[in-house]
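Q: Encoded as structure tokens, here's the structure I'll be asking about.
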Amino acid sequence: MITNDKGIVDLKHQVLREVCRMEWEDRLSPEETEKLVYELIPGHKPQYRCCVYKEREIIRGRIRMAVGLGADPANPSENVVSVIPAACDDCPVQEYSVTDSCRFCLGKPCQSACRFGAISMGENRMHIDSEKCKACGLCAGACPFGAIVHLERPCRKSCPSDAISYDENGICMIDDEKCISCGHCIHNCPFGAIGSRIFAVDVIRKIKEGKRVVAMCAPATEGQFGKDITIGALREALRKIGFADMVEVGLGGDMTAAYEAKEWIEARKEGRKMTTSCCPAFISMMKNRFPELYKENRSDTVSPMVAVSRYLKYMDPDCVTVFIGPCIAKKAETMNEDIVQRPDYALTYGEIVAMLDSRSVTIEPVQEEYQEASLFGKKFAGSGGVAAAVLEAMQEMGEDTSGISLLTCAGGDECKKALTMLKAGRLKEDFVEGMICPGGCVGGPSKHQAEGLVLKARAELFTKADRRGILENLEKYPMDDFSMYRDGR
């Protein structure tokens, strides 16, 4: 997992590893977790915050998330993204601030520009009254010295859905109606104050109950653990801790591509533009901010994750399906009641590594050759990969794709711009591939290492894959026996 602070990642991993270990050993209880708090923060000298009491409260919030709960018991929420109030108090509350570059200009252009009477003379520089300031930025634009700076908090700056605001104490609040669960705020907070609910304990309990628990590894997985760690290597490691099996979700990429190809062919005949369906954060953005596009232009095909889960549950209705990938929004997708027959749980790479560590299992290279997906399905995780796979499926169906124009969007701003253009009737392209994360899923918030390293390792691993076609690959699976549509029709 990559964030702006390795210390945050290490702390989260340590807490989750110990919580998982407690569950494996049948000793996960309030008493034991409270002991863990004092083991991690023994006192009396604080390690990274102002006092040990605040540090312990932060650990308690981390433990709550580690067992699948929201971090703040005083504000329960079904959102997978959660804020630890005790950790969220060191960001400046005031968005605009006057620096020492202020020279007390004779004309006071900042004061003249302010429409709210928020600026006055201070002792050494102009002063902005935070109670009156509306953060419009006119003062900063008017200052000839550039002495007024905009201190936008990193969580809100990274949020593509304007879901973050602050209470009277400056504590981050997430609007559940606007949040698309992309997770960008989590890995942009320099204090580790935002996290996501973790369902590793639930998965461990299912394994201990004797359920057939099957892992589903995202197309972004190859390359996350280096060029020597194949999908088959991760499959073997997961079996060691009790997973019955593992299937690569690139297979679901093939399934989704085949069905979206049918939708694109029909939409093209009707002169109707269409968007992809694989990124749950992109779909949530459409639903929340562009409801008319969500209804009229969204592909109704399920995501690759859901497709593989439905296939596995068709083969074994009692199995438990667990997605593993770089995506926080996939957790929300497993809880989305609009999607029937959805998967049971979703975990990130960091979370599955903590589970493995709790059983002293490491991921080692193996000789086993495992490939369930076509190369197009494997490449679903990169920007442009979904569109390329759908076009390939169309061509395999005999469709002429030479005149089709595509718009690939990777990142919140690009997605919003494309949807705005589509809503206004000004989008030139025929189809839109939408991914909220820059670079696509391989650039997801919970990737296991830097994107450049992942891409380099993926390129090498892909040279070992065969070149089977999408439709050829799907001939081995009972595609007519389970639904590929969100409503299960």
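Quick note on naming: the chains in the structure tokens go A, B, ... in the order shown, residues restart at 1 in each chain, and ligands are numbered from 1 in order of appearance.
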At most 12 Å is the cut-off: for each residue in segment 138-199 of chain A with any atom that close to an atom of segment 101-125 of chain A, write down the nearest atom pair and the distance in Å rounded to one decimal, counting only C-alpha atoms, chain first then increasing number, as a Markdown table.
A:
```
| residue | atom | partner | partner_atom | distance |
| --- | --- | --- | --- | --- |
| A:Leu138 | CA | A:Ala113 | CA | 5.9 |
| A:Cys139 | CA | A:Cys110 | CA | 4.3 |
| A:Ala140 | CA | A:Cys110 | CA | 7.0 |
| A:Gly141 | CA | A:Cys110 | CA | 8.1 |
| A:Ala142 | CA | A:Cys110 | CA | 5.5 |
| A:Cys143 | CA | A:Cys110 | CA | 5.7 |
| A:Pro144 | CA | A:Pro109 | CA | 8.2 |
| A:Phe145 | CA | A:Ser101 | CA | 6.9 |
| A:Gly146 | CA | A:Ser101 | CA | 7.7 |
| A:Ala147 | CA | A:Ser101 | CA | 5.0 |
| A:Ile148 | CA | A:Cys102 | CA | 7.8 |
| A:Val149 | CA | A:Ser101 | CA | 10.4 |
```
Q: Store the residues picked out above in a file with N, CA and C atoms, as an mmCIF file, in the first residue's frame.
A:
```cif
data_model
loop_
_atom_site.group_PDB
_atom_site.id
_atom_site.type_symbol
_atom_site.label_atom_id
_atom_site.label_comp_id
_atom_site.auth_asym_id
_atom_site.auth_seq_id
_atom_site.Cartn_x
_atom_site.Cartn_y
_atom_site.Cartn_z
ATOM 1 N N LEU A 138 -10.962 36.072 -3.324
ATOM 2 C CA LEU A 138 -10.778 37.362 -4.000
ATOM 3 C C LEU A 138 -9.602 38.139 -3.432
ATOM 4 N N CYS A 139 -9.372 38.011 -2.134
ATOM 5 C CA CYS A 139 -8.259 38.732 -1.510
ATOM 6 C C CYS A 139 -6.916 38.241 -2.051
ATOM 7 N N ALA A 140 -6.792 36.927 -2.192
ATOM 8 C CA ALA A 140 -5.548 36.358 -2.710
ATOM 9 C C ALA A 140 -5.286 36.823 -4.137
ATOM 10 N N GLY A 141 -6.338 36.898 -4.930
ATOM 11 C CA GLY A 141 -6.198 37.353 -6.306
ATOM 12 C C GLY A 141 -5.833 38.822 -6.400
ATOM 13 N N ALA A 142 -6.239 39.599 -5.392
ATOM 14 C CA ALA A 142 -5.999 41.037 -5.431
ATOM 15 C C ALA A 142 -4.621 41.425 -4.894
ATOM 16 N N CYS A 143 -4.000 40.588 -4.091
ATOM 17 C CA CYS A 143 -2.729 40.935 -3.452
ATOM 18 C C CYS A 143 -1.596 40.977 -4.481
ATOM 19 N N PRO A 144 -0.931 42.123 -4.640
ATOM 20 C CA PRO A 144 0.128 42.231 -5.656
ATOM 21 C C PRO A 144 1.399 41.459 -5.283
ATOM 22 N N PHE A 145 1.574 41.114 -4.013
ATOM 23 C CA PHE A 145 2.765 40.394 -3.571
ATOM 24 C C PHE A 145 2.532 38.884 -3.462
ATOM 25 N N GLY A 146 1.310 38.447 -3.699
ATOM 26 C CA GLY A 146 1.007 37.032 -3.513
ATOM 27 C C GLY A 146 1.188 36.609 -2.071
ATOM 28 N N ALA A 147 0.883 37.531 -1.149
ATOM 29 C CA ALA A 147 1.140 37.283 0.269
ATOM 30 C C ALA A 147 0.033 36.478 0.939
ATOM 31 N N ILE A 148 -1.077 36.294 0.246
ATOM 32 C CA ILE A 148 -2.194 35.531 0.814
ATOM 33 C C ILE A 148 -2.232 34.165 0.139
ATOM 34 N N VAL A 149 -2.141 33.125 0.948
ATOM 35 C CA VAL A 149 -2.057 31.767 0.408
ATOM 36 C C VAL A 149 -3.318 30.984 0.720
#
```
Q: Mind listing the strand (DSSP E) residues of segment 224-395 of chain A, per DSSP on the backbone, as an MDAnalysis selection string?
A: chainID A and resid 245:248 274:275 320:325 345:348
Q: Could you take the residues named above and write them with N, CA and C atoms, as a short mmCIF file (atom, residue, chain, number, x, y, z; two decimals), in the first residue's frame?
A:
```cif
data_model
loop_
_atom_site.label_atom_id
_atom_site.label_comp_id
_atom_site.auth_asym_id
_atom_site.auth_seq_id
_atom_site.Cartn_x
_atom_site.Cartn_y
_atom_site.Cartn_z
N ASP A 245 -9.88 -21.55 -2.69
CA ASP A 245 -9.32 -21.35 -4.02
C ASP A 245 -9.26 -19.86 -4.31
N MET A 246 -8.73 -19.53 -5.48
CA MET A 246 -8.67 -18.16 -5.93
C MET A 246 -8.89 -18.13 -7.44
N VAL A 247 -9.63 -17.13 -7.91
CA VAL A 247 -9.88 -16.94 -9.34
C VAL A 247 -9.48 -15.52 -9.70
N GLU A 248 -8.79 -15.36 -10.82
CA GLU A 248 -8.42 -14.00 -11.22
C GLU A 248 -9.63 -13.30 -11.86
N MET A 274 -22.69 5.75 -24.62
CA MET A 274 -22.72 4.87 -23.46
C MET A 274 -21.41 4.96 -22.69
N THR A 275 -21.51 4.74 -21.37
CA THR A 275 -20.33 4.70 -20.52
C THR A 275 -20.09 3.27 -20.04
N VAL A 320 -18.45 -18.47 -0.25
CA VAL A 320 -18.27 -17.07 0.16
C VAL A 320 -17.22 -16.46 -0.75
N THR A 321 -17.54 -15.34 -1.38
CA THR A 321 -16.61 -14.74 -2.34
C THR A 321 -15.99 -13.47 -1.76
N VAL A 322 -14.67 -13.35 -1.93
CA VAL A 322 -13.91 -12.25 -1.35
C VAL A 322 -13.03 -11.62 -2.43
N PHE A 323 -13.31 -10.37 -2.76
CA PHE A 323 -12.51 -9.63 -3.75
C PHE A 323 -11.25 -9.09 -3.08
N ILE A 324 -10.12 -9.12 -3.80
CA ILE A 324 -8.87 -8.56 -3.32
C ILE A 324 -8.32 -7.63 -4.39
N GLY A 325 -8.08 -6.36 -4.05
CA GLY A 325 -7.62 -5.41 -5.04
C GLY A 325 -7.15 -4.11 -4.43
N TYR A 345 -17.52 -9.93 0.33
CA TYR A 345 -16.57 -9.02 0.97
C TYR A 345 -15.53 -8.53 -0.05
N ALA A 346 -14.87 -7.43 0.33
CA ALA A 346 -13.75 -6.93 -0.47
C ALA A 346 -12.64 -6.50 0.48
N LEU A 347 -11.42 -6.83 0.13
CA LEU A 347 -10.24 -6.47 0.91
C LEU A 347 -9.22 -5.80 0.00
N THR A 348 -8.36 -4.97 0.59
CA THR A 348 -7.28 -4.36 -0.18
C THR A 348 -6.03 -5.24 -0.08
#
```
Q: Name the residues in contact with segment 365-371 of chain A at a cut-off of 6 Å, using only C-alpha atoms, excluding same-chain residues fewer than 4 positions from it; report them as a PyMOL selection string.
A: chain A and resi 228-229+232-233
Q: Output C-alpha atoms for every residue in the selection just made, as an mmCIF file, in the first residue's frame.
A:
```cif
data_model
loop_
_atom_site.group_PDB
_atom_site.id
_atom_site.type_symbol
_atom_site.label_atom_id
_atom_site.label_comp_id
_atom_site.auth_asym_id
_atom_site.auth_seq_id
_atom_site.Cartn_x
_atom_site.Cartn_y
_atom_site.Cartn_z
ATOM 1 C CA ASP A 228 8.419 -12.821 -9.679
ATOM 2 C CA ILE A 229 5.044 -13.023 -7.925
ATOM 3 C CA GLY A 232 -0.558 -18.390 -9.041
ATOM 4 C CA ALA A 233 1.859 -17.438 -6.243
#
```
Q: Would you compute the distance between atom CA of Ile58 of chain A and atom CA of Ile186 of chain A? Give it in Å to one decimal.
A: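 Pair atom CA of Ile58 of chain A / atom CA of Ile186 of chain A returns 14.8 Å.
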Q: Contacts of Lys464 of chain A at 12 Å or less, counting only C-alpha atoms, minus same-chain residues fewer than 3 places along, as a ChimeraX atom specification?
A: /A:222,227-228,230-231,369-371,374-375,457-461,467
Q: Tell me which of A:Gln224, A:Ser383, A:Ser97, A:Ser358 sits closest to Val15 of chain A, counting only C-alpha atoms.
A: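 Answer, going by the shortest atom-to-atom distance: A:Ser358.
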Q: What does the distance between atom CA of Ala87 of chain A and atom CA of Lys54 of chain A come to in Å, to one decimal place?
A: 7.7 Å
Q: So which residues touch Lys416 of chain A within 10 Å, counting only C-alpha atoms, skipping near sequence neighbours fewer than 6 positions away, as a list in words?
A: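 Within the cut-off, the hits are Pro160, Ser161, Phe282, Met285, Met286, Arg289, Phe290, Cys409, Leu422, Gly434 and Ile436 of chain A.
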Q: Measuring atom to atom with only C-alpha atoms, identify which of A:Tyr477, A:Tyr485, A:Phe431, A:Tyr349 is nearest to Ser446 of chain A.
A: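 Looking only at the distances to Ser446 of chain A, the closest residue turns out to be A:Tyr349.
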Q: For Leu40 of chain A, which residue among A:Asp338, A:Glu57, A:Asp129, A:Glu23 is the nearest when counting only C-alpha atoms?
A: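 Between A:Asp338, A:Glu57, A:Asp129, A:Glu23, the residue approaching Leu40 of chain A most closely is A:Glu57.
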Q: Which residue out of A:Leu293, A:Cys155, A:Val308, A:Val203 has the minimum interatomic distance to Lys273 of chain A when only C-alpha atoms are used?
A: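 Of all the options, A:Leu293 lies closest to Lys273 of chain A.
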Q: Excluding Thr276 of chain A and any residue of its chain fewer than 3 positions from it, enumerate the residues within 10 Å of it, using only C-alpha atoms, and give them as an MDAnalysis selection string.
A: chainID A and resid 256:257 260 264 279 282:283 297:303 386:387 390 408 431:435
Q: Near segment 392-398 of chain A, within 7 Å and counting only C-alpha atoms, which residues show up once chain neighbours fewer than 3 positions away are dropped, as JSON, numbers by chain?
A: {"A": [257, 258, 261, 388, 389, 401, 470, 471]}
